[in-house]
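**Q** Let me begin by handing over the structure; questions about it come next.
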Amino acid sequence: MYTLDDGQREDVALGEIRDLEQFLASVEQRAFRIARVALRNDDDALDVVQDAMLQLAQRYGSRPAEEWRPLFYRILQNRVRDYQRRRQVRNRLLRWWPAFSSDDDASDDPVDQASDEGPSIVDRLAAGEAMQRLEQALTALPARQQEAFMLRNFEGLDVAQTASAMGCSAGSVKTHYSRAIHTLRERLGEAW
């Protein structure tokens, strides 16, 4: 029977860590978009995504790489729901304090004001307006339809992976996804 020495074990562990880092880097932007649509706040979405990534790495990093994607999106959706519940409770409590005011103006950040050499302003404005309309239509969907749509379209998960991530049957995923598509087509028109 062949056993690994300490150096070989370290190489295997570093390879697994590299694989996990690559996976997390590949899903980071899409996960942020999903969380931002659900929470409607960039900072909160970033916190939720980072928490989900940390949770996956700590608890499930040793699992096979094929299991990471559905596990990650399940963790992400659970974190989003937890954050929404906490926000709801906090808002109920803070409503009773008359001095409470929400002043979240963080537009003084010089990084946000810096120019870049990207697409023209007209192109960015048109794309931004289209994405804003899509995000508004997505936020109006029921949570399960929203989740099914984003996992299938933004993440490219198949029906079985989406069912695993959502914790439901494949038939339920198909139903939620179909209803989301029909509702979005009604609201956005066939151009989308």
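The chains in the structure tokens are called A, B, ... from first to last as shown; in each chain the residues are counted from 1, and the ligands are counted from 1 in the order shown.
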Within 12 Å of stretch 78-84 of chain A, counting only C-alpha atoms, which residues qualify if same-chain residues fewer than 2 places away don't, as a ChimeraX atom specification?
**A** /A:31-32,34-41,44-56,71-76,86-91,143-144,147,165-167
**Q** Need the shell around A:Leu151: protein/DNA/RNA residues with any atom at most 9 Å away, counting only C-alpha atoms. Skip same-chain ones fewer than 2 positions apart. Format as a count of residues only?
**A** 15
**Q** One decimal, in Å: what's the spacing between atom CA of A:Trp68 and atom CA of A:Leu24?
**A** 9.2 Å
**Q** Which value, in Å to one decimal, gives the distance between atom CA of A:Ala57 and atom CA of A:Asp42?
**A**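 Interatomic distance here is 22.5 Å.
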**Q** Would you please work out which residue, of A:Arg63, A:Arg69, A:Arg179, A:Arg92, is nearest to A:Ile17 when using only C-alpha atoms?
**A** A:Arg63
**Q** For A:Phe23, which residue among A:Gly128, A:Asp43, A:Leu188, A:Glu67 is the nearest when counting only C-alpha atoms?
**A**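 Ranked by minimum distance to A:Phe23, first place goes to A:Glu67.
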**Q** Work out how far atom CA of A:Ile181 is from atom CA of A:Leu138, in Å to one decimal.
**A** 10.1 Å
